[in-house]
Amino acid sequence: MFGRWLGNRTNRVQRTSPLAAVQTPPSAGVLSCRVLDPVHEPVKHAEFAVSDAMGRKVVAGETDPYGSFVTTVPAGEYRLSVSAEGYTPYRASATVGENALASLGDVTLQVARPPELPPAGDWEIEPTHSSIGFTARHIGLARIHGRFNSFAGAVRIAEPVEQSAMHVVIDAASIDTNVRMRDDHLRSGDFLDVARFPTLEFYSERFVHKGGNRWAVTGALSLHGVTRTVTLDTEYLGLGNGMEGEVRAACRATTELHRDDFTVSWQTMLARGIAVVGPSIQVDLDVQIVRKA
């Protein structure tokens, strides 16, 4: 009786184990980890990637609201990398056995030093190593990618940086989606109407530090004869030197524009009521600025 009681108790513990519901295929095991910050709070949405011994990515994802992840992988040797905004990446190795749990326990990420900010002064956008691209939804399915090939801009870095200013001018006729007929339509009165509004302009005097290397750059965008406030979600990438020793700084930025906000409201529909062009446009910028001599 005593033996049966112990057996039943073991079965109950196994059934209530957090891994009891994980169906482990043959020749596979489970890898887990919990990601914490320096004050032992969970880091949710930290990105993790698991690679095999050959460096091939096996699985990737984000931690849950409690900073944890659990994943099933074939038994073997693995490398784990964990990264999160504002923290130094973490890397470790793990051996996963068949029908076994390999837990790395609690992993503490250390706060990363933000990259050095550009010094005060006048800078200009270097178009050869910069891009202004956009993505639009087509007939509710495919995404159409395009860019503007001609633009110029200047940035005045202040001390402190939060008081900086920038001005960018884009040639509307330089729109390019790699299809001439479509580009001609985008230049027409249905969309950008470049004959009446030859440029798009963005001017900002509001740089807000969001922590780490994240900034919000808010300003006025003039497009199609209408001016609206737009915020660029910006990732500052740091300083570097060009081939001739010139000082450069780089950043990536994104924002979403709604066509109706700028009266670009061409609304041709398909027979089943789906708009040919989606209502919003995703804008992606990769920018290098060069310090003026």
# chains A, B, ... in the order shown; residues from 1 in each chain; ligands from 1

$ residues_around --residues "stretch 211-213 of chain A" --least-positions-apart "5" --cutoff "12 Å" --atoms "only C-alpha atoms" --output "PyMOL selection string"
chain A and resi 84-88+111-117+233-238+250-253

$ write_last_selection --atoms "N, CA and C atoms" --output "PDB file, in the first residue's frame"
ATOM      1  N   ALA A  84      17.838  42.338 -26.061  1.00  0.00           N
ATOM      2  CA  ALA A  84      16.708  43.220 -25.746  1.00  0.00           C
ATOM      3  C   ALA A  84      17.190  44.651 -25.839  1.00  0.00           C
ATOM      4  N   GLU A  85      16.288  45.532 -26.198  1.00  0.00           N
ATOM      5  CA  GLU A  85      16.623  46.933 -26.366  1.00  0.00           C
ATOM      6  C   GLU A  85      17.233  47.505 -25.090  1.00  0.00           C
ATOM      7  N   GLY A  86      18.420  48.099 -25.200  1.00  0.00           N
ATOM      8  CA  GLY A  86      19.070  48.731 -24.059  1.00  0.00           C
ATOM      9  C   GLY A  86      19.936  47.811 -23.233  1.00  0.00           C
ATOM     10  N   TYR A  87      20.070  46.541 -23.637  1.00  0.00           N
ATOM     11  CA  TYR A  87      20.862  45.582 -22.864  1.00  0.00           C
ATOM     12  C   TYR A  87      21.961  44.974 -23.729  1.00  0.00           C
ATOM     13  N   THR A  88      23.045  44.532 -23.073  1.00  0.00           N
ATOM     14  CA  THR A  88      24.107  43.823 -23.766  1.00  0.00           C
ATOM     15  C   THR A  88      23.636  42.418 -24.104  1.00  0.00           C
ATOM     16  N   VAL A 111      22.785  46.205 -18.490  1.00  0.00           N
ATOM     17  CA  VAL A 111      22.432  47.411 -19.246  1.00  0.00           C
ATOM     18  C   VAL A 111      23.594  47.805 -20.146  1.00  0.00           C
ATOM     19  N   ALA A 112      23.300  48.035 -21.419  1.00  0.00           N
ATOM     20  CA  ALA A 112      24.333  48.417 -22.383  1.00  0.00           C
ATOM     21  C   ALA A 112      24.556  49.923 -22.355  1.00  0.00           C
ATOM     22  N   ARG A 113      25.782  50.316 -22.586  1.00  0.00           N
ATOM     23  CA  ARG A 113      26.071  51.736 -22.708  1.00  0.00           C
ATOM     24  C   ARG A 113      25.525  52.234 -24.045  1.00  0.00           C
ATOM     25  N   PRO A 114      24.767  53.319 -24.037  1.00  0.00           N
ATOM     26  CA  PRO A 114      24.250  53.833 -25.321  1.00  0.00           C
ATOM     27  C   PRO A 114      25.401  54.330 -26.181  1.00  0.00           C
ATOM     28  N   PRO A 115      25.252  54.273 -27.511  1.00  0.00           N
ATOM     29  CA  PRO A 115      26.328  54.744 -28.380  1.00  0.00           C
ATOM     30  C   PRO A 115      26.570  56.236 -28.205  1.00  0.00           C
ATOM     31  N   GLU A 116      27.811  56.640 -28.467  1.00  0.00           N
ATOM     32  CA  GLU A 116      28.191  58.042 -28.336  1.00  0.00           C
ATOM     33  C   GLU A 116      27.370  58.898 -29.296  1.00  0.00           C
ATOM     34  N   LEU A 117      26.829  59.987 -28.776  1.00  0.00           N
ATOM     35  CA  LEU A 117      26.005  60.879 -29.593  1.00  0.00           C
ATOM     36  C   LEU A 117      26.891  61.744 -30.495  1.00  0.00           C
ATOM     37  N   ASP A 233       9.873  56.947 -35.295  1.00  0.00           N
ATOM     38  CA  ASP A 233      10.415  56.054 -34.275  1.00  0.00           C
ATOM     39  C   ASP A 233      11.837  55.710 -34.715  1.00  0.00           C
ATOM     40  N   THR A 234      12.822  56.239 -34.010  1.00  0.00           N
ATOM     41  CA  THR A 234      14.196  56.263 -34.496  1.00  0.00           C
ATOM     42  C   THR A 234      15.128  55.433 -33.623  1.00  0.00           C
ATOM     43  N   GLU A 235      15.975  54.666 -34.285  1.00  0.00           N
ATOM     44  CA  GLU A 235      17.038  53.908 -33.609  1.00  0.00           C
ATOM     45  C   GLU A 235      18.372  54.515 -34.002  1.00  0.00           C
ATOM     46  N   TYR A 236      19.087  55.073 -33.033  1.00  0.00           N
ATOM     47  CA  TYR A 236      20.389  55.680 -33.295  1.00  0.00           C
ATOM     48  C   TYR A 236      21.453  54.585 -33.284  1.00  0.00           C
ATOM     49  N   LEU A 237      22.287  54.544 -34.337  1.00  0.00           N
ATOM     50  CA  LEU A 237      23.242  53.444 -34.513  1.00  0.00           C
ATOM     51  C   LEU A 237      24.671  53.809 -34.147  1.00  0.00           C
ATOM     52  N   GLY A 238      24.950  55.088 -33.880  1.00  0.00           N
ATOM     53  CA  GLY A 238      26.275  55.458 -33.419  1.00  0.00           C
ATOM     54  C   GLY A 238      27.102  56.195 -34.453  1.00  0.00           C
ATOM     55  N   ALA A 250      24.749  57.449 -37.928  1.00  0.00           N
ATOM     56  CA  ALA A 250      23.727  56.692 -38.654  1.00  0.00           C
ATOM     57  C   ALA A 250      22.530  56.414 -37.764  1.00  0.00           C
ATOM     58  N   CYS A 251      21.380  56.252 -38.415  1.00  0.00           N
ATOM     59  CA  CYS A 251      20.166  55.895 -37.689  1.00  0.00           C
ATOM     60  C   CYS A 251      19.206  55.192 -38.628  1.00  0.00           C
ATOM     61  N   ARG A 252      18.255  54.479 -38.036  1.00  0.00           N
ATOM     62  CA  ARG A 252      17.117  53.912 -38.754  1.00  0.00           C
ATOM     63  C   ARG A 252      15.860  54.501 -38.154  1.00  0.00           C
ATOM     64  N   ALA A 253      14.826  54.695 -38.989  1.00  0.00           N
ATOM     65  CA  ALA A 253      13.579  55.280 -38.490  1.00  0.00           C
ATOM     66  C   ALA A 253      12.399  54.723 -39.268  1.00  0.00           C
TER      67      ALA A 253
END

$ residues_around --residues "stretch 195-203 of chain A" --least-positions-apart "2" --cutoff "6 Å" --atoms "only C-alpha atoms" --output "JSON list (two decimals) with all heavy atoms, in the first residue's frame"
[["chain", "number", "residue", "atom", "x", "y", "z"],
["A", 166, "MET", "N", 16.15, 69.46, -37.82],
["A", 166, "MET", "CA", 16.48, 68.87, -39.11],
["A", 166, "MET", "C", 15.47, 69.30, -40.16],
["A", 166, "MET", "O", 14.32, 69.65, -39.84],
["A", 166, "MET", "CB", 16.51, 67.34, -39.02],
["A", 166, "MET", "CG", 15.16, 66.68, -38.80],
["A", 166, "MET", "SD", 15.28, 64.87, -38.70],
["A", 166, "MET", "CE", 15.95, 64.49, -40.32],
["A", 167, "HIS", "N", 15.90, 69.30, -41.41],
["A", 167, "HIS", "CA", 15.06, 69.68, -42.53],
["A", 167, "HIS", "C", 15.40, 68.77, -43.70],
["A", 167, "HIS", "O", 16.57, 68.67, -44.11],
["A", 167, "HIS", "CB", 15.28, 71.14, -42.92],
["A", 167, "HIS", "CG", 14.38, 71.63, -44.01],
["A", 167, "HIS", "ND1", 14.70, 72.69, -44.82],
["A", 167, "HIS", "CD2", 13.16, 71.20, -44.42],
["A", 167, "HIS", "CE1", 13.73, 72.89, -45.69],
["A", 167, "HIS", "NE2", 12.78, 72.00, -45.47],
["A", 168, "VAL", "N", 14.39, 68.06, -44.23],
["A", 168, "VAL", "CA", 14.59, 67.13, -45.34],
["A", 168, "VAL", "C", 13.65, 67.51, -46.47],
["A", 168, "VAL", "O", 12.47, 67.77, -46.25],
["A", 168, "VAL", "CB", 14.33, 65.68, -44.89],
["A", 168, "VAL", "CG1", 14.53, 64.71, -46.06],
["A", 168, "VAL", "CG2", 15.24, 65.29, -43.73],
["A", 169, "VAL", "N", 14.17, 67.52, -47.70],
["A", 169, "VAL", "CA", 13.38, 67.81, -48.89],
["A", 169, "VAL", "C", 13.50, 66.62, -49.83],
["A", 169, "VAL", "O", 14.61, 66.16, -50.15],
["A", 169, "VAL", "CB", 13.86, 69.10, -49.60],
["A", 169, "VAL", "CG1", 13.03, 69.36, -50.85],
["A", 169, "VAL", "CG2", 13.80, 70.28, -48.65],
["A", 170, "ILE", "N", 12.35, 66.09, -50.28],
["A", 170, "ILE", "CA", 12.30, 64.92, -51.15],
["A", 170, "ILE", "C", 11.69, 65.31, -52.48],
["A", 170, "ILE", "O", 10.65, 65.98, -52.53],
["A", 170, "ILE", "CB", 11.46, 63.80, -50.50],
["A", 170, "ILE", "CG1", 12.02, 63.42, -49.14],
["A", 170, "ILE", "CG2", 11.40, 62.57, -51.41],
["A", 170, "ILE", "CD1", 11.10, 62.52, -48.34],
["A", 171, "ASP", "N", 12.33, 64.91, -53.57],
["A", 171, "ASP", "CA", 11.81, 65.14, -54.91],
["A", 171, "ASP", "C", 10.68, 64.14, -55.17],
["A", 171, "ASP", "O", 10.92, 62.94, -55.31],
["A", 171, "ASP", "CB", 12.94, 64.97, -55.92],
["A", 171, "ASP", "CG", 12.46, 65.15, -57.36],
["A", 171, "ASP", "OD1", 11.29, 65.51, -57.57],
["A", 171, "ASP", "OD2", 13.27, 64.91, -58.28],
["A", 172, "ALA", "N", 9.44, 64.62, -55.23],
["A", 172, "ALA", "CA", 8.29, 63.73, -55.38],
["A", 172, "ALA", "C", 8.35, 62.92, -56.66],
["A", 172, "ALA", "O", 7.94, 61.75, -56.71],
["A", 172, "ALA", "CB", 6.99, 64.53, -55.32],
["A", 193, "ASP", "N", 0.55, 64.00, -57.38],
["A", 193, "ASP", "CA", 0.31, 65.20, -58.18],
["A", 193, "ASP", "C", 1.57, 66.08, -58.21],
["A", 193, "ASP", "O", 1.58, 67.24, -57.78],
["A", 193, "ASP", "CB", -0.86, 65.98, -57.59],
["A", 193, "ASP", "CG", -1.45, 67.01, -58.56],
["A", 193, "ASP", "OD1", -0.92, 67.10, -59.70],
["A", 193, "ASP", "OD2", -2.41, 67.70, -58.19],
["A", 219, "GLY", "N", 7.94, 66.08, -36.05],
["A", 219, "GLY", "CA", 7.99, 67.30, -36.85],
["A", 219, "GLY", "C", 6.81, 67.41, -37.78],
["A", 219, "GLY", "O", 5.83, 66.65, -37.68],
["A", 220, "ALA", "N", 6.89, 68.35, -38.71],
["A", 220, "ALA", "CA", 5.82, 68.64, -39.65],
["A", 220, "ALA", "C", 6.20, 68.07, -41.02],
["A", 220, "ALA", "O", 7.26, 68.39, -41.55],
["A", 220, "ALA", "CB", 5.59, 70.13, -39.75],
["A", 221, "LEU", "N", 5.31, 67.24, -41.56],
["A", 221, "LEU", "CA", 5.49, 66.68, -42.89],
["A", 221, "LEU", "C", 4.51, 67.36, -43.84],
["A", 221, "LEU", "O", 3.30, 67.33, -43.62],
["A", 221, "LEU", "CB", 5.27, 65.17, -42.90],
["A", 221, "LEU", "CG", 5.30, 64.50, -44.28],
["A", 221, "LEU", "CD1", 6.69, 64.61, -44.89],
["A", 221, "LEU", "CD2", 4.86, 63.04, -44.18],
["A", 222, "SER", "N", 5.05, 67.95, -44.91],
["A", 222, "SER", "CA", 4.22, 68.57, -45.94],
["A", 222, "SER", "C", 4.21, 67.66, -47.15],
["A", 222, "SER", "O", 5.26, 67.37, -47.73],
["A", 222, "SER", "CB", 4.75, 69.95, -46.31],
["A", 222, "SER", "OG", 4.69, 70.83, -45.21],
["A", 223, "LEU", "N", 3.02, 67.19, -47.52],
["A", 223, "LEU", "CA", 2.85, 66.24, -48.61],
["A", 223, "LEU", "C", 1.54, 66.55, -49.32],
["A", 223, "LEU", "O", 0.50, 66.71, -48.66],
["A", 223, "LEU", "CB", 2.87, 64.82, -48.05],
["A", 223, "LEU", "CG", 2.88, 63.60, -48.98],
["A", 223, "LEU", "CD1", 3.31, 62.36, -48.19],
["A", 223, "LEU", "CD2", 1.53, 63.33, -49.62],
["A", 224, "HIS", "N", 1.57, 66.66, -50.62],
["A", 224, "HIS", "CA", 0.35, 66.87, -51.41],
["A", 224, "HIS", "C", -0.39, 68.13, -50.96],
["A", 224, "HIS", "O", -1.63, 68.19, -50.97],
["A", 224, "HIS", "CB", -0.56, 65.64, -51.28],
["A", 224, "HIS", "CG", -1.58, 65.51, -52.36],
["A", 224, "HIS", "ND1", -2.92, 65.65, -52.12],
["A", 224, "HIS", "CD2", -1.47, 65.26, -53.70],
["A", 224, "HIS", "CE1", -3.59, 65.47, -53.24],
["A", 224, "HIS", "NE2", -2.73, 65.24, -54.22]]

$ residues_around --residues "A:Val96" --least-positions-apart "4" --cutoff "6 Å" --atoms "only C-alpha atoms" --output "PyMOL selection string"
chain A and resi 29+75-76+102

$ write_last_selection --atoms "N, CA and C atoms" --output "PDB file, in the first residue's frame"
ATOM      1  N   GLY A  29      14.188  17.160 -27.031  1.00  0.00           N
ATOM      2  CA  GLY A  29      14.157  17.590 -25.645  1.00  0.00           C
ATOM      3  C   GLY A  29      13.662  19.015 -25.560  1.00  0.00           C
ATOM      4  N   ALA A  75      17.443  16.612 -29.884  1.00  0.00           N
ATOM      5  CA  ALA A  75      18.551  16.456 -28.939  1.00  0.00           C
ATOM      6  C   ALA A  75      19.861  16.837 -29.620  1.00  0.00           C
ATOM      7  N   GLY A  76      20.720  17.553 -28.903  1.00  0.00           N
ATOM      8  CA  GLY A  76      21.995  17.948 -29.476  1.00  0.00           C
ATOM      9  C   GLY A  76      22.599  19.138 -28.765  1.00  0.00           C
ATOM     10  N   ALA A 102      16.559  20.853 -20.555  1.00  0.00           N
ATOM     11  CA  ALA A 102      17.810  21.583 -20.374  1.00  0.00           C
ATOM     12  C   ALA A 102      17.444  23.022 -20.029  1.00  0.00           C
TER      13      ALA A 102
END

$ residues_around --residues "A:Glu77" --least-positions-apart "3" --cutoff "8 Å" --atoms "only C-alpha atoms" --output "PDB file with N, CA, C and O atoms, in the first residue's frame"
ATOM      1  N   ASP A  52      22.184  25.625 -34.073  1.00  0.00           N
ATOM      2  CA  ASP A  52      22.845  24.349 -33.854  1.00  0.00           C
ATOM      3  C   ASP A  52      24.356  24.518 -33.914  1.00  0.00           C
ATOM      4  O   ASP A  52      24.877  25.631 -34.074  1.00  0.00           O
ATOM      5  N   ALA A  53      25.089  23.409 -33.801  1.00  0.00           N
ATOM      6  CA  ALA A  53      26.550  23.465 -33.753  1.00  0.00           C
ATOM      7  C   ALA A  53      27.156  23.999 -35.037  1.00  0.00           C
ATOM      8  O   ALA A  53      28.300  24.474 -35.041  1.00  0.00           O
ATOM      9  N   SER A  93      25.879  28.289 -24.290  1.00  0.00           N
ATOM     10  CA  SER A  93      25.768  26.985 -24.942  1.00  0.00           C
ATOM     11  C   SER A  93      24.947  26.062 -24.065  1.00  0.00           C
ATOM     12  O   SER A  93      24.893  26.224 -22.843  1.00  0.00           O
ATOM     13  N   ALA A  94      24.269  25.113 -24.684  1.00  0.00           N
ATOM     14  CA  ALA A  94      23.436  24.169 -23.930  1.00  0.00           C
ATOM     15  C   ALA A  94      23.418  22.827 -24.640  1.00  0.00           C
ATOM     16  O   ALA A  94      23.491  22.759 -25.868  1.00  0.00           O
ATOM     17  N   THR A  95      23.334  21.771 -23.840  1.00  0.00           N
ATOM     18  CA  THR A  95      23.187  20.416 -24.359  1.00  0.00           C
ATOM     19  C   THR A  95      21.791  19.928 -24.024  1.00  0.00           C
ATOM     20  O   THR A  95      21.390  19.914 -22.858  1.00  0.00           O
ATOM     21  N   VAL A  96      21.036  19.558 -25.031  1.00  0.00           N
ATOM     22  CA  VAL A  96      19.665  19.097 -24.848  1.00  0.00           C
ATOM     23  C   VAL A  96      19.640  17.582 -25.065  1.00  0.00           C
ATOM     24  O   VAL A  96      20.044  17.101 -26.133  1.00  0.00           O
TER      25      VAL A  96
END

$ residues_around --residues "A:Arg147" --least-positions-apart "3" --cutoff "12 Å" --atoms "only C-alpha atoms" --output "list in words"
Ser130, Ser131, Ile132, Gly133, Phe134, Thr135, Ala136, Ile144, Ser150, Phe151, Ile170, Asp171, Ala172, Ala173, Ser174, Ile175, Asp176, Thr177, Asn178, Val179, Asp183, Leu186, Ile281, Gln282, Val283, Asp284, Leu285 and Asp286 of chain A

$ residues_around --residues "A:Val43" --least-positions-apart "5" --cutoff "6 Å" --atoms "only C-alpha atoms" --output "list in words"
Val35, Leu36 and Gly67 of chain A

$ select_by_dssp --residues "stretch 127-290 of chain A" --states "strand (DSSP E)" --output "ChimeraX atom specification"
/A:131-138,142-148,151-157,165-171,175-176,199-211,214-223,226-241,247-258,277-290

$ residues_around --residues "A:Arg34" --least-positions-apart "4" --cutoff "10 Å" --atoms "only C-alpha atoms" --output "list of chain:residue names"
A:Pro42, A:Val43, A:Lys44, A:Thr63, A:Asp64, A:Tyr66, A:Gly67, A:Ser68, A:Phe69, A:Val70, A:Ser103, A:Leu104, A:Gly105, A:Asp106, A:Val107, A:Thr108

$ write_last_selection --atoms "C-alpha atoms" --output "PDB file, in the first residue's frame"
ATOM      1  CA  PRO A  42      11.460  39.848 -16.057  1.00  0.00           C
ATOM      2  CA  VAL A  43      12.398  41.198 -19.493  1.00  0.00           C
ATOM      3  CA  LYS A  44       9.331  40.559 -21.636  1.00  0.00           C
ATOM      4  CA  THR A  63      10.084  35.804 -24.183  1.00  0.00           C
ATOM      5  CA  ASP A  64       6.619  35.808 -22.610  1.00  0.00           C
ATOM      6  CA  TYR A  66       7.259  36.692 -17.384  1.00  0.00           C
ATOM      7  CA  GLY A  67      10.542  36.801 -19.271  1.00  0.00           C
ATOM      8  CA  SER A  68      10.494  33.071 -19.999  1.00  0.00           C
ATOM      9  CA  PHE A  69      10.643  30.837 -23.032  1.00  0.00           C
ATOM     10  CA  VAL A  70      10.309  27.099 -23.486  1.00  0.00           C
ATOM     11  CA  SER A 103      17.191  24.712 -18.320  1.00  0.00           C
ATOM     12  CA  LEU A 104      19.582  27.636 -18.253  1.00  0.00           C
ATOM     13  CA  GLY A 105      17.708  29.001 -15.255  1.00  0.00           C
ATOM     14  CA  ASP A 106      17.717  32.753 -14.715  1.00  0.00           C
ATOM     15  CA  VAL A 107      19.762  34.817 -17.145  1.00  0.00           C
ATOM     16  CA  THR A 108      20.479  38.423 -16.117  1.00  0.00           C
TER      17      THR A 108
END

$ select_by_dssp --residues "stretch 110-269 of chain A" --states "helix (DSSP H, G or I)" --output "PDB file with C-alpha atoms, in the first residue's frame"
ATOM      1  CA  PRO A 127      22.271  60.343 -50.000  1.00  0.00           C
ATOM      2  CA  THR A 128      24.657  57.741 -51.416  1.00  0.00           C
ATOM      3  CA  HIS A 129      24.484  55.781 -48.167  1.00  0.00           C
ATOM      4  CA  VAL A 161      20.778  66.872 -28.494  1.00  0.00           C
ATOM      5  CA  GLU A 162      17.103  67.272 -27.578  1.00  0.00           C
ATOM      6  CA  GLN A 163      17.270  70.828 -28.968  1.00  0.00           C
ATOM      7  CA  ALA A 172       8.289  63.726 -55.379  1.00  0.00           C
ATOM      8  CA  ALA A 173       8.916  62.823 -59.027  1.00  0.00           C
ATOM      9  CA  SER A 174      11.782  60.530 -57.989  1.00  0.00           C
ATOM     10  CA  ARG A 180       7.183  52.548 -64.971  1.00  0.00           C
ATOM     11  CA  MET A 181       3.399  52.530 -65.546  1.00  0.00           C
ATOM     12  CA  ARG A 182       2.732  52.374 -61.803  1.00  0.00           C
ATOM     13  CA  ASP A 183       5.260  55.120 -61.083  1.00  0.00           C
ATOM     14  CA  ASP A 184       3.632  57.392 -63.687  1.00  0.00           C
ATOM     15  CA  HIS A 185       0.280  56.807 -61.974  1.00  0.00           C
ATOM     16  CA  LEU A 186       1.765  57.615 -58.555  1.00  0.00           C
ATOM     17  CA  ARG A 187       3.096  60.900 -59.960  1.00  0.00           C
ATOM     18  CA  ARG A 259      -3.312  58.617 -47.140  1.00  0.00           C
ATOM     19  CA  ASP A 260      -6.527  60.367 -46.170  1.00  0.00           C
ATOM     20  CA  ASP A 261      -4.607  62.631 -43.762  1.00  0.00           C
ATOM     21  CA  PHE A 262      -2.851  64.118 -46.791  1.00  0.00           C
TER      22      PHE A 262
END
